[in-house]
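Containing compact mmCIF, C-alpha atoms: upload.txt.
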```
# COMPACT_ATOMS: atom_id res chain seq x y z
CA MET M 1 11.74 -46.46 124.21
CA TRP M 2 11.09 -43.41 122.07
CA LEU M 3 12.97 -44.84 119.10
CA ILE M 4 10.16 -47.23 118.18
CA PRO M 5 7.40 -44.59 117.74
CA GLN M 6 9.85 -42.32 115.93
CA ALA M 7 10.77 -45.16 113.54
CA VAL M 8 7.08 -45.94 112.98
CA PHE M 9 6.41 -42.28 112.19
CA TRP M 10 9.25 -41.93 109.69
CA ILE M 11 8.51 -45.20 107.92
CA SER M 12 4.82 -44.27 107.58
CA PHE M 13 5.68 -40.70 106.56
CA GLY M 14 8.16 -42.00 104.00
CA LEU M 15 5.54 -44.27 102.44
CA VAL M 16 3.04 -41.39 102.14
CA VAL M 17 5.68 -39.13 100.57
CA TYR M 18 6.73 -41.89 98.18
CA VAL M 19 3.16 -42.58 97.06
CA TYR M 20 2.27 -38.95 96.31
CA ALA M 21 5.66 -37.44 95.41
CA GLY M 22 8.51 -39.95 95.24
CA PHE M 23 6.80 -42.23 92.74
CA PRO M 24 5.94 -39.40 90.30
CA VAL M 25 9.49 -38.04 90.59
CA CYS M 26 10.88 -41.50 89.76
CA LEU M 27 8.66 -41.62 86.69
CA LEU M 28 9.76 -38.15 85.63
CA LEU M 29 13.40 -39.16 85.81
CA LEU M 30 12.82 -42.47 84.02
CA THR M 31 10.86 -40.90 81.16
CA TRP M 32 12.87 -37.72 80.73
CA ARG M 33 13.82 -38.58 77.13
CA ARG M 34 11.05 -41.04 76.27
CA ARG M 35 8.07 -38.82 75.62
CA THR M 36 6.78 -39.05 72.07
CA SER M 37 3.95 -37.48 70.13
CA PRO M 38 0.76 -39.51 69.64
CA PRO M 39 0.38 -41.29 66.29
CA PRO M 40 -1.59 -39.59 63.51
CA ILE M 41 -5.21 -40.55 62.93
CA PRO M 42 -5.29 -43.08 60.08
CA SER M 43 -7.56 -42.78 57.08
CA ASP M 44 -11.10 -44.10 57.41
CA ASP M 45 -10.16 -47.21 55.44
CA ALA M 46 -7.39 -48.04 57.92
CA LEU M 47 -9.44 -47.51 61.07
CA PRO M 48 -10.40 -50.66 63.02
CA SER M 49 -14.01 -51.70 63.50
CA ILE M 50 -15.47 -50.76 66.91
CA SER M 51 -18.08 -52.32 69.18
CA PHE M 52 -19.17 -49.64 71.65
CA VAL M 53 -20.60 -51.12 74.87
CA VAL M 54 -22.71 -49.28 77.45
CA ALA M 55 -24.01 -50.96 80.62
CA ALA M 56 -27.06 -49.15 81.98
CA TYR M 57 -29.02 -49.32 85.20
CA ASN M 58 -31.95 -46.92 85.67
CA GLU M 59 -30.51 -44.20 83.43
CA GLU M 60 -33.74 -42.75 82.03
CA LEU M 61 -32.58 -39.18 82.77
CA VAL M 62 -29.44 -39.48 80.64
CA ILE M 63 -29.82 -42.43 78.28
CA GLU M 64 -31.46 -40.54 75.40
CA GLU M 65 -28.74 -37.88 75.44
CA LYS M 66 -26.16 -40.68 75.51
CA LEU M 67 -27.74 -42.27 72.44
CA ARG M 68 -27.68 -38.94 70.59
CA ASN M 69 -24.08 -38.42 71.63
CA CYS M 70 -23.19 -41.85 70.23
CA LEU M 71 -24.81 -41.08 66.90
CA ARG M 72 -22.89 -37.79 66.63
CA LEU M 73 -19.47 -39.47 66.90
CA ASP M 74 -17.14 -38.86 63.96
CA TYR M 75 -16.33 -42.40 62.87
CA PRO M 76 -17.21 -44.41 59.76
CA GLU M 77 -20.75 -45.66 60.31
CA GLU M 78 -20.06 -49.10 58.85
CA LYS M 79 -17.26 -49.59 61.38
CA LEU M 80 -19.04 -48.48 64.56
CA THR M 81 -21.89 -50.33 66.25
CA PHE M 82 -23.40 -49.76 69.69
CA ILE M 83 -24.46 -52.37 72.22
CA PHE M 84 -26.55 -51.27 75.19
CA VAL M 85 -27.08 -53.79 77.99
CA SER M 86 -29.73 -52.72 80.46
CA GLU M 87 -30.66 -54.05 83.89
CA SER M 88 -33.08 -51.18 84.43
CA THR M 89 -36.45 -51.05 86.13
CA ASP M 90 -37.35 -47.47 85.18
CA GLY M 91 -38.04 -46.07 81.71
CA THR M 92 -34.54 -46.76 80.36
CA ASN M 93 -35.55 -49.89 78.45
CA ASP M 94 -38.41 -48.16 76.65
CA ILE M 95 -36.09 -45.41 75.44
CA LEU M 96 -33.46 -47.91 74.30
CA LEU M 97 -35.97 -49.99 72.39
CA ARG M 98 -37.19 -46.90 70.52
CA TYR M 99 -33.65 -46.35 69.23
CA ARG M 100 -32.93 -49.98 68.39
CA SER M 101 -31.59 -50.38 64.84
CA PRO M 102 -28.92 -52.36 62.97
CA ARG M 103 -26.32 -49.98 64.47
CA ILE M 104 -27.81 -49.93 67.99
CA GLN M 105 -28.30 -53.33 69.57
CA VAL M 106 -30.16 -53.62 72.86
CA ARG M 107 -30.07 -56.47 75.31
CA ILE M 108 -32.43 -56.40 78.31
CA MET M 109 -31.19 -58.46 81.25
CA PRO M 110 -33.80 -60.36 83.28
CA GLU M 111 -32.15 -59.47 86.60
CA ARG M 112 -29.35 -57.37 88.03
CA GLY M 113 -25.93 -58.93 87.79
CA GLY M 114 -23.70 -55.86 87.88
CA LYS M 115 -21.46 -54.13 85.40
CA VAL M 116 -19.18 -57.11 84.85
CA ALA M 117 -22.15 -59.35 84.07
CA SER M 118 -23.50 -56.76 81.63
CA GLN M 119 -20.17 -56.52 79.84
CA ALA M 120 -19.95 -60.31 79.64
CA ALA M 121 -23.47 -60.42 78.18
CA ALA M 122 -22.47 -57.85 75.56
CA TYR M 123 -19.31 -59.66 74.49
CA PRO M 124 -20.99 -62.33 72.26
CA LEU M 125 -22.68 -59.49 70.37
CA CYS M 126 -19.41 -57.69 69.72
CA GLU M 127 -17.95 -58.13 66.24
CA GLY M 128 -15.58 -55.17 66.17
CA ASP M 129 -11.82 -55.52 66.36
CA ILE M 130 -11.84 -53.08 69.28
CA LEU M 131 -14.22 -52.88 72.24
CA VAL M 132 -14.97 -49.48 73.75
CA PHE M 133 -16.60 -49.41 77.19
CA SER M 134 -18.49 -46.34 78.35
CA ASP M 135 -20.78 -45.21 81.15
CA ALA M 136 -24.25 -43.99 80.31
CA ASN M 137 -23.66 -40.51 81.71
CA THR M 138 -20.38 -39.87 79.87
CA TYR M 139 -20.49 -37.77 76.71
CA TYR M 140 -17.69 -38.18 74.19
CA ARG M 141 -16.31 -35.45 71.98
CA SER M 142 -16.92 -36.19 68.32
CA ASN M 143 -13.32 -37.23 67.52
CA CYS M 144 -12.86 -39.27 70.69
CA ILE M 145 -13.17 -42.76 69.17
CA LYS M 146 -10.64 -41.92 66.47
CA MET M 147 -8.23 -40.74 69.16
CA LEU M 148 -8.56 -44.04 70.99
CA ALA M 149 -8.48 -46.21 67.86
CA ARG M 150 -5.31 -44.70 66.35
CA HIS M 151 -3.09 -46.36 68.97
CA PHE M 152 -4.01 -49.94 68.07
CA ALA M 153 -1.78 -49.86 65.00
CA ASP M 154 0.96 -50.51 67.57
CA PRO M 155 0.84 -54.27 68.33
CA GLN M 156 2.18 -53.67 71.86
CA ILE M 157 -0.86 -51.66 72.91
CA GLY M 158 -3.81 -53.59 74.29
CA VAL M 159 -5.83 -50.92 76.12
CA VAL M 160 -6.26 -47.17 75.69
CA THR M 161 -8.02 -44.94 78.20
CA GLY M 162 -8.86 -41.26 77.86
CA ASP M 163 -9.48 -38.05 79.73
CA VAL M 164 -12.95 -38.00 81.28
CA ARG M 165 -13.37 -34.49 82.64
CA LEU M 166 -15.78 -33.73 85.43
CA LEU M 167 -17.73 -30.54 84.90
CA PRO M 168 -17.18 -27.85 87.60
CA SER M 169 -18.69 -28.74 90.97
CA GLU M 170 -19.96 -26.41 93.69
CA GLN M 171 -19.50 -29.10 96.32
CA LYS M 172 -16.94 -28.69 99.10
CA PHE M 173 -14.71 -31.35 97.54
CA GLY M 174 -14.91 -29.79 94.06
CA GLN M 175 -11.63 -27.87 93.89
CA GLY M 176 -9.71 -30.57 95.72
CA GLU M 177 -11.12 -33.17 93.36
CA SER M 178 -10.16 -31.07 90.33
CA LEU M 179 -6.53 -30.84 91.49
CA TYR M 180 -6.48 -34.55 92.26
CA TYR M 181 -7.71 -35.45 88.77
CA LYS M 182 -5.09 -33.21 87.15
CA TYR M 183 -2.44 -34.94 89.25
CA GLU M 184 -3.81 -38.37 88.35
CA ARG M 185 -3.90 -37.61 84.62
CA ARG M 186 -0.30 -36.44 84.71
CA LEU M 187 0.66 -39.66 86.49
CA GLN M 188 -1.09 -41.70 83.79
CA GLU M 189 0.88 -39.85 81.11
CA LEU M 190 4.17 -40.60 82.86
CA GLU M 191 3.28 -44.26 83.39
CA SER M 192 2.31 -44.58 79.72
CA ALA M 193 5.65 -43.10 78.67
CA PHE M 194 7.51 -45.46 81.02
CA TRP M 195 5.61 -48.59 80.02
CA SER M 196 1.95 -48.95 80.96
CA THR M 197 -0.47 -47.05 83.13
CA VAL M 198 -2.32 -49.10 85.76
CA ALA M 199 -5.15 -46.58 86.11
CA ILE M 200 -8.01 -46.48 83.64
CA ASP M 201 -11.22 -44.50 83.62
CA GLY M 202 -14.12 -46.92 83.52
CA ALA M 203 -16.19 -44.32 81.70
CA MET M 204 -13.93 -44.51 78.64
CA TYR M 205 -11.49 -47.23 77.67
CA ALA M 206 -10.86 -49.33 74.58
CA MET M 207 -9.32 -52.80 74.30
CA ARG M 208 -8.53 -55.44 71.71
CA ARG M 209 -11.48 -57.82 71.46
CA GLU M 210 -9.33 -60.96 71.22
CA CYS M 211 -7.59 -60.02 74.49
CA PHE M 212 -10.77 -59.78 76.56
CA ARG M 213 -10.74 -62.22 79.50
CA PRO M 214 -13.65 -62.96 81.85
CA VAL M 215 -13.29 -62.10 85.52
CA SER M 216 -14.78 -63.38 88.77
CA SER M 217 -17.99 -61.38 88.87
CA GLY M 218 -18.82 -59.95 92.27
CA LEU M 219 -15.31 -59.90 93.69
CA ILE M 220 -13.46 -57.64 91.35
CA ALA M 221 -12.97 -53.95 90.58
CA ASP M 222 -15.17 -53.98 87.50
CA ASP M 223 -13.26 -51.44 85.40
CA PHE M 224 -9.70 -52.00 86.56
CA VAL M 225 -9.33 -55.79 86.40
CA PRO M 226 -10.49 -56.43 82.78
CA ALA M 227 -7.89 -53.90 81.61
CA ILE M 228 -5.04 -55.08 83.83
CA LYS M 229 -5.67 -58.66 82.69
CA ILE M 230 -4.64 -57.53 79.22
CA ALA M 231 -1.46 -55.99 80.63
CA LEU M 232 -0.76 -59.36 82.28
CA GLN M 233 -0.71 -60.82 78.75
CA GLY M 234 2.23 -58.54 77.95
CA TYR M 235 0.36 -55.65 76.34
CA ARG M 236 0.60 -51.99 77.34
CA ILE M 237 -2.18 -49.80 78.72
CA ILE M 238 -1.79 -46.19 77.68
CA TYR M 239 -3.52 -42.92 78.41
CA ASP M 240 -4.38 -40.47 75.61
CA PRO M 241 -5.07 -36.93 76.90
CA GLU M 242 -6.55 -35.96 73.54
CA ALA M 243 -9.40 -38.48 73.84
CA ILE M 244 -11.77 -36.30 75.83
CA ALA M 245 -15.21 -36.83 77.32
CA GLU M 246 -17.28 -34.99 79.90
CA GLU M 247 -19.19 -36.25 82.88
CA ASP M 248 -21.45 -34.43 85.27
CA PRO M 249 -20.09 -34.13 88.82
CA THR M 250 -21.41 -35.99 91.82
CA PRO M 251 -24.08 -33.73 93.38
CA GLY M 252 -23.15 -34.30 97.02
CA ASP M 253 -20.39 -35.20 99.42
CA ALA M 254 -22.09 -38.33 100.70
CA GLN M 255 -22.56 -39.79 97.22
CA GLU M 256 -18.92 -39.11 96.33
CA PHE M 257 -17.72 -40.64 99.60
CA TRP M 258 -19.65 -43.88 99.10
CA ARG M 259 -18.62 -44.07 95.45
CA LYS M 260 -14.99 -44.06 96.56
CA VAL M 261 -15.75 -46.63 99.26
CA ARG M 262 -17.14 -48.97 96.59
CA VAL M 263 -14.11 -48.46 94.32
CA VAL M 264 -11.63 -49.38 97.06
CA ALA M 265 -13.76 -52.25 98.36
CA TYR M 266 -13.85 -53.81 94.88
CA ALA M 267 -10.12 -53.24 94.54
CA ILE M 268 -9.36 -54.99 97.82
CA GLN M 269 -11.66 -57.89 96.94
CA SER M 270 -9.84 -58.18 93.63
CA PHE M 271 -6.45 -58.13 95.34
CA LEU M 272 -7.46 -60.81 97.85
CA ALA M 273 -8.85 -62.95 95.02
CA GLY M 274 -5.58 -62.56 93.09
CA GLU M 275 -7.44 -60.91 90.19
CA GLY M 276 -5.32 -58.46 88.24
CA VAL M 277 -2.25 -58.72 90.50
CA PRO M 278 0.96 -58.65 88.42
CA PRO M 279 3.57 -61.33 89.17
CA LEU M 280 7.00 -60.18 90.30
CA ARG M 281 8.53 -61.41 87.02
CA GLN M 282 6.67 -58.59 85.23
CA THR M 283 8.94 -56.14 87.01
CA ARG M 284 7.78 -52.90 85.41
CA LEU M 285 4.08 -53.65 85.76
CA TRP M 286 4.53 -54.96 89.31
CA TRP M 287 6.32 -51.76 90.39
CA LEU M 288 3.63 -49.56 88.83
CA TYR M 289 0.84 -51.59 90.45
CA VAL M 290 2.42 -51.53 93.91
CA SER M 291 3.32 -47.82 93.76
CA HIS M 292 0.17 -46.44 92.14
CA LYS M 293 -2.44 -48.78 93.56
CA LEU M 294 -1.48 -51.03 96.46
CA LEU M 295 0.50 -48.55 98.57
CA ARG M 296 -2.08 -45.81 97.95
CA TRP M 297 -4.93 -47.98 99.18
CA PHE M 298 -3.13 -48.35 102.51
CA VAL M 299 -2.21 -44.68 103.01
CA PRO M 300 -4.99 -44.33 105.67
CA PHE M 301 -3.09 -46.75 107.88
CA ASP M 302 0.11 -44.77 107.36
CA LEU M 303 -1.70 -41.61 108.47
CA ILE M 304 -3.05 -43.33 111.57
CA PHE M 305 0.39 -44.69 112.47
CA MET M 306 1.95 -41.24 111.96
CA PHE M 307 -0.57 -39.59 114.26
CA LEU M 308 -0.31 -42.20 117.01
CA ALA M 309 3.48 -42.42 116.83
CA SER M 310 3.98 -38.66 117.01
CA GLY M 311 1.48 -38.54 119.88
CA VAL M 312 3.58 -40.99 121.87
CA ALA M 313 6.88 -39.31 120.94
CA ALA M 314 5.48 -35.86 121.85
CA PHE M 315 5.80 -36.56 125.57
CA GLY M 316 8.86 -34.58 126.66
CA SER M 317 9.82 -33.52 123.13
CA PRO M 318 8.83 -30.06 121.83
CA TRP M 319 9.84 -31.04 118.29
CA TRP M 320 7.55 -34.07 118.22
CA ALA M 321 4.82 -32.02 119.91
CA GLY M 322 5.11 -29.64 116.95
CA MET M 323 4.80 -32.54 114.50
CA LEU M 324 1.63 -33.66 116.26
CA ALA M 325 0.28 -30.10 116.25
CA ALA M 326 0.91 -29.82 112.49
CA GLN M 327 -1.18 -32.93 111.86
CA VAL M 328 -3.94 -31.67 114.16
CA ALA M 329 -3.95 -28.37 112.26
CA PHE M 330 -4.20 -30.15 108.90
CA TYR M 331 -7.15 -32.25 110.04
CA ALA M 332 -8.74 -29.18 111.60
CA LEU M 333 -8.69 -27.49 108.20
CA ALA M 334 -10.49 -30.51 106.75
CA VAL M 335 -13.11 -30.43 109.52
CA TYR M 336 -13.61 -26.70 109.00
CA ALA M 337 -14.27 -27.26 105.30
CA TRP M 338 -16.66 -30.10 106.15
CA ARG M 339 -18.63 -27.91 108.54
CA THR M 340 -18.57 -24.83 106.31
CA PRO M 341 -20.91 -24.20 103.36
CA ASN M 342 -19.61 -24.43 99.82
CA ARG M 343 -17.79 -21.10 100.08
CA ALA M 344 -14.80 -22.76 101.85
CA ALA M 345 -11.58 -21.63 100.14
CA LEU M 346 -9.10 -23.85 98.30
CA PRO M 347 -6.66 -24.15 101.27
CA PHE M 348 -9.51 -25.81 103.18
CA ARG M 349 -10.99 -27.88 100.38
CA VAL M 350 -7.74 -29.67 99.52
CA PRO M 351 -7.27 -31.05 103.09
CA TYR M 352 -10.97 -31.89 103.10
CA TYR M 353 -10.76 -33.87 99.86
CA PHE M 354 -7.55 -35.62 100.95
CA CYS M 355 -9.13 -36.68 104.22
CA MET M 356 -12.39 -37.71 102.58
CA VAL M 357 -10.55 -39.89 100.04
CA ASN M 358 -8.51 -41.63 102.71
CA LEU M 359 -11.43 -42.08 105.08
CA ALA M 360 -13.35 -43.65 102.19
CA ALA M 361 -10.35 -45.87 101.44
CA LEU M 362 -10.25 -47.02 105.06
CA ARG M 363 -13.96 -47.86 104.97
CA GLY M 364 -13.51 -49.58 101.60
CA ILE M 365 -10.64 -51.73 102.88
CA VAL M 366 -12.81 -52.96 105.74
CA ARG M 367 -15.67 -53.75 103.35
CA GLY M 368 -13.30 -55.44 100.92
CA ILE M 369 -11.69 -57.65 103.57
CA ARG M 370 -15.15 -58.70 104.74
CA LYS M 371 -16.25 -59.20 101.09
CA GLN M 372 -19.25 -56.98 101.73
CA GLN M 373 -19.28 -55.21 98.36
CA ARG M 374 -22.11 -56.57 96.26
CA PRO M 375 -21.55 -57.50 92.60
CA VAL M 376 -24.18 -55.02 91.44
CA TRP M 377 -23.19 -51.39 91.31
CA THR M 378 -25.02 -48.49 92.91
CA ARG M 379 -25.48 -45.77 90.36
CA THR M 380 -24.27 -42.29 91.32
CA GLU M 381 -26.79 -39.55 90.71
CA ARG M 382 -25.54 -36.70 88.56
CA SER M 383 -26.75 -33.17 87.94
CA LEU M 384 -27.56 -32.63 84.28
CA PRO M 385 -27.07 -29.17 82.77
CA PRO M 386 -28.49 -28.52 79.29
CA ARG M 387 -26.25 -29.68 76.45
CA ALA M 388 -25.80 -28.45 72.94
```

Would you mind giving the structure from this file in C-alpha cells?
Amino acid sequence: MWLIPQAVFWISFGLVVYVYAGFPVCLLLLTWRRRTSPPPIPSDDALPSISFVVAAYNEELVIEEKLRNCLRLDYPEEKLTFIFVSESTDGTNDILLRYRSPRIQVRIMPERGGKVASQAAAYPLCEGDILVFSDANTYYRSNCIKMLARHFADPQIGVVTGDVRLLPSEQKFGQGESLYYKYERRLQELESAFWSTVAIDGAMYAMRRECFRPVSSGLIADDFVPAIKIALQGYRIIYDPEAIAEEDPTPGDAQEFWRKVRVVAYAIQSFLAGEGVPPLRQTRLWWLYVSHKLLRWFVPFDLIFMFLASGVAAFGSPWWAGMLAAQVAFYALAVYAWRTPNRAALPFRVPYYFCMVNLAALRGIVRGIRKQQRPVWTRTERSLPPRA
C-alpha cells in the first residue's frame, strides 16, 4: 500500500531535481568543449540594417527617455530606424508624435489588440534586414545593437537575445529573483553552446526579417512563440551576455505575481494551440523545449504530489515523517518572508520567490487551460530612478 505514495514522491521529486539541476548538468557535460568566443563586431559597412520596433501602451512616464535612449545608440544612423506602435490612451501618443522624423516612425492603433497585433502592424513598415523588438521601459547600452547584429553573419543564427538586467529591488522577492535570473542566464548560455536556447527576453531580441512568421494573436506567448517559430525553421536562437540593457524592477509583489501568471497562461495557451511546439524529429530543440519549458511549467503539480505522497507515507514511518517536516519547514520559511517586511534575509527570500513563482505558474496553468488570458497585455508599473 505504501509503495504507491513513495513511488509518486520519488517520481515527482526526480522531475523537480531534473528541471532545476539535472538538465543544467546535462548541458554542462554536453558543452564541455564547445564553448567559443563571440564573433568580433564587423565594420560599419558590414553591419546589417536594423528596424527597431517598440510596442507601447500608456507609457508616458518612460517613453521620452526610451526615445532618447534609442537616439544615443552607437550604430550607423543610415542603417537604424525606429518604429513605435502605440495603443495608448494617455499622453504617450503626443510625445511620440513630437519625435516623429524620417528615423522615427510612429503608428497609432485605433484600438487595443495586444503586443502581437502591434508587432504585426509594425512589420510592413520594417525595411531592415534585422528586426529588433524592445519594451518601452528597457534601456539599451550604447553598443547593444552592434552586439546583437554581429551574430547574423552566421547563416545558422536566426534570433539573438541579450541580457536585460533588473535594477536592484527592495521587494521581498528581490534577492531570490536576482539569483533566479543569474541561473536563467547561465542556462541560456549553455543552451546556446549546445544548439539553441528556448528562452528569450521579450524586452530585447533580434531576428531575421525574412524569417518572421505571424502567430495566432490572443492565444500565444507573445515574445516566446515568434522566436521559437524561427527555430522551427532550422535556425538557432542564441543568447549574448555582452548585449546588455537595464529595466526597472517591479515595484510590488502582487504586480510581479500577476505578471508571471500572465506569462505562464500565454505559454499554456500556446502549447494547447500547438504554437511553437517543436516536433520530435527536431530532437535537440524538442529536448530543450521539454526540459526548459514544459516540465518547468508543471513543477507546481510535482510539488503538490510530493507533499501529499509524503503525507500519506508518513503514517508509521519516521523517515517519511521527516521528509514531510522538511517540506513544511521550507514552506514555512516562504510564509515567514511573505509576512515579514522587506528586511527578510536571503535564506527566507529564496524559498519565498520559489514558492511565488510556482504558485503563479499553477494559477497561470488554470487560466491557460480555460483560455482566460486576454490578447492585450497588462502593463507592469515600474519605479523610475533618475538616469544619466

Exercise. Quick one: of M:Cys70, M:Val225, M:Met306, M:Cys211, who's nearest to Trp320 (chain M), counting all atoms listed in the file?
Worked result: M:Met306

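In this model, the gap between CA of Tyr75 (chain M) and CA of Ser142 (chain M) comes to 8.3 Å.
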
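Relative to CA of Leu303 (chain M), CA of Trp10 (chain M) is found at 11.0 Å.
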
Problem set entry | Residues within 9 Å of Asp201 (chain M), only C-alpha atoms, excluding chain neighbours under 4 positions, as a VMD selection string | chain M and resid 161 to 164 205 223 to 224

Output C-alpha atoms for every residue in that selection, as a compact mmCIF listing (two decimals), in the coordinates of the input.
```txt
# COMPACT_ATOMS: atom_id res chain seq x y z
CA THR M 161 -8.02 -44.94 78.20
CA GLY M 162 -8.86 -41.26 77.86
CA ASP M 163 -9.48 -38.05 79.73
CA VAL M 164 -12.95 -38.00 81.28
CA TYR M 205 -11.49 -47.23 77.67
CA ASP M 223 -13.26 -51.44 85.40
CA PHE M 224 -9.70 -52.00 86.56
```

Seminar exercise, completed: Counting all atoms listed in the file, the residue among M:Leu125, M:Ala231, M:Ala136, M:Leu166 that lies closest to Leu179 (chain M) is M:Leu166

Exercise. When distances are computed from all atoms listed in the file, which of M:Ile365, M:Ile50, M:Ala329, M:Val198 shows the smallest separation from Arg262 (chain M)?
Worked result: M:Ile365

Problem set entry | Straight-line distance linking CA of Arg33 (chain M) with CA of Glu189 (chain M), stated in Å to one decimal | 13.6 Å

Exercise. Nearest to Ile130 (chain M): which of M:Lys293, M:Arg236, M:Arg100, M:Arg209 is it, counting only C-alpha atoms?
Worked result: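 Ranking M:Lys293, M:Arg236, M:Arg100, M:Arg209 by distance to Ile130 (chain M), first place goes to M:Arg209.
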
Exercise. When distances are computed from only C-alpha atoms, which of M:Gly234, M:Gly364, M:Pro241, M:Pro318 shows the smallest separation from Val264 (chain M)?
Worked result: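 Residue with the minimum atom-to-atom distance to Val264 (chain M): M:Gly364.
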
Exercise. Between M:Ser178, M:Ser43, M:Thr92, M:Ser291, which has the minimum distance to Val19 (chain M) (counting only C-alpha atoms)?
Worked result: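 Residue with the minimum atom-to-atom distance to Val19 (chain M): M:Ser291.
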
For this session: Using all atoms listed in the file, give me every residue within 12 Å of (-2.6, -38.6, 85.6) in file coordinates, as number ranges by chain.
Result: M: 20, 24, 27, 161-165, 178-193, 197-201, 238-241, 292

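Residues in contact range of Asp45 (chain M), defined as at most 12 Å between only C-alpha atoms, with sequence neighbours fewer than 6 positions away removed, read Tyr75, Pro76, Glu77, Glu78 and Lys79 of chain M.
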
Problem set entry | Spatial neighbours of Asn58 (chain M), 9 Å, all atoms listed in the file, chain gap at least 5 places, as a PyMOL selection string | chain M and resi 63+86-93+379

For this session: Skip Ile157 (chain M) itself and residues of its chain fewer than 2 positions away, then list as an NGL selection string all residues within 10 Å of it, counting only C-alpha atoms.
Result: :M and (151-155 or 159-160 or 196 or 207-208 or 230-231 or 234-238)

Could you write those residues out with C-alpha atoms, as a short mmCIF file (atom, residue, chain, number, x, y, z; two decimals), keeping the file's coordinate frame?
```
data_model
loop_
_atom_site.label_atom_id
_atom_site.label_comp_id
_atom_site.auth_asym_id
_atom_site.auth_seq_id
_atom_site.Cartn_x
_atom_site.Cartn_y
_atom_site.Cartn_z
CA HIS M 151 -3.09 -46.36 68.97
CA PHE M 152 -4.01 -49.94 68.07
CA ALA M 153 -1.78 -49.86 65.00
CA ASP M 154 0.96 -50.51 67.57
CA PRO M 155 0.84 -54.27 68.33
CA VAL M 159 -5.83 -50.92 76.12
CA VAL M 160 -6.26 -47.17 75.69
CA SER M 196 1.95 -48.95 80.96
CA MET M 207 -9.32 -52.80 74.30
CA ARG M 208 -8.53 -55.44 71.71
CA ILE M 230 -4.64 -57.53 79.22
CA ALA M 231 -1.46 -55.99 80.63
CA GLY M 234 2.23 -58.54 77.95
CA TYR M 235 0.36 -55.65 76.34
CA ARG M 236 0.60 -51.99 77.34
CA ILE M 237 -2.18 -49.80 78.72
CA ILE M 238 -1.79 -46.19 77.68
#
```

Exercise. Leaving out Gln373 (chain M) and any residue of its chain fewer than 4 positions from it, which residues lie within 7 Å of it when counting only C-alpha atoms, given as a list of chain:residue names?
Worked result: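 Those residues are M:Arg262, M:Ala265, M:Tyr266, M:Arg367, M:Gly368.
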
Output the selection as a CSV table (one decimal), keeping the file's coordinate frame - C-alpha atoms for each residue.
```csv
chain,number,residue,atom,x,y,z
M,262,ARG,CA,-17.1,-49.0,96.6
M,265,ALA,CA,-13.8,-52.2,98.4
M,266,TYR,CA,-13.8,-53.8,94.9
M,367,ARG,CA,-15.7,-53.8,103.4
M,368,GLY,CA,-13.3,-55.4,100.9
```

Mind rebuilding region 322-333 of chain M with N, CA and C atoms and writing that out as a PDB file, keeping the file's coordinate frame?
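The resulting selection15.pdb:
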```
ATOM      1  N   GLY M 322       5.400 -30.459 118.122  1.00  0.00           N
ATOM      2  CA  GLY M 322       5.110 -29.640 116.950  1.00  0.00           C
ATOM      3  C   GLY M 322       4.642 -30.471 115.770  1.00  0.00           C
ATOM      4  N   MET M 323       5.237 -31.656 115.577  1.00  0.00           N
ATOM      5  CA  MET M 323       4.800 -32.540 114.500  1.00  0.00           C
ATOM      6  C   MET M 323       3.349 -32.981 114.709  1.00  0.00           C
ATOM      7  N   LEU M 324       3.014 -33.285 115.952  1.00  0.00           N
ATOM      8  CA  LEU M 324       1.630 -33.660 116.260  1.00  0.00           C
ATOM      9  C   LEU M 324       0.687 -32.491 116.019  1.00  0.00           C
ATOM     10  N   ALA M 325       1.121 -31.284 116.432  1.00  0.00           N
ATOM     11  CA  ALA M 325       0.280 -30.100 116.250  1.00  0.00           C
ATOM     12  C   ALA M 325       0.051 -29.808 114.766  1.00  0.00           C
ATOM     13  N   ALA M 326       1.069 -30.049 113.935  1.00  0.00           N
ATOM     14  CA  ALA M 326       0.910 -29.820 112.490  1.00  0.00           C
ATOM     15  C   ALA M 326      -0.147 -30.747 111.901  1.00  0.00           C
ATOM     16  N   GLN M 327      -0.158 -31.998 112.346  1.00  0.00           N
ATOM     17  CA  GLN M 327      -1.180 -32.930 111.860  1.00  0.00           C
ATOM     18  C   GLN M 327      -2.567 -32.528 112.353  1.00  0.00           C
ATOM     19  N   VAL M 328      -2.656 -32.125 113.619  1.00  0.00           N
ATOM     20  CA  VAL M 328      -3.940 -31.670 114.160  1.00  0.00           C
ATOM     21  C   VAL M 328      -4.457 -30.477 113.366  1.00  0.00           C
ATOM     22  N   ALA M 329      -3.553 -29.548 113.024  1.00  0.00           N
ATOM     23  CA  ALA M 329      -3.950 -28.370 112.260  1.00  0.00           C
ATOM     24  C   ALA M 329      -4.463 -28.756 110.876  1.00  0.00           C
ATOM     25  N   PHE M 330      -3.789 -29.706 110.234  1.00  0.00           N
ATOM     26  CA  PHE M 330      -4.200 -30.150 108.900  1.00  0.00           C
ATOM     27  C   PHE M 330      -5.607 -30.756 108.952  1.00  0.00           C
ATOM     28  N   TYR M 331      -5.828 -31.627 109.929  1.00  0.00           N
ATOM     29  CA  TYR M 331      -7.150 -32.250 110.040  1.00  0.00           C
ATOM     30  C   TYR M 331      -8.208 -31.244 110.464  1.00  0.00           C
ATOM     31  N   ALA M 332      -7.798 -30.221 111.218  1.00  0.00           N
ATOM     32  CA  ALA M 332      -8.740 -29.180 111.600  1.00  0.00           C
ATOM     33  C   ALA M 332      -9.214 -28.394 110.382  1.00  0.00           C
ATOM     34  N   LEU M 333      -8.293 -28.149 109.442  1.00  0.00           N
ATOM     35  CA  LEU M 333      -8.690 -27.490 108.200  1.00  0.00           C
ATOM     36  C   LEU M 333      -9.730 -28.316 107.452  1.00  0.00           C
TER      37      LEU M 333
END
```
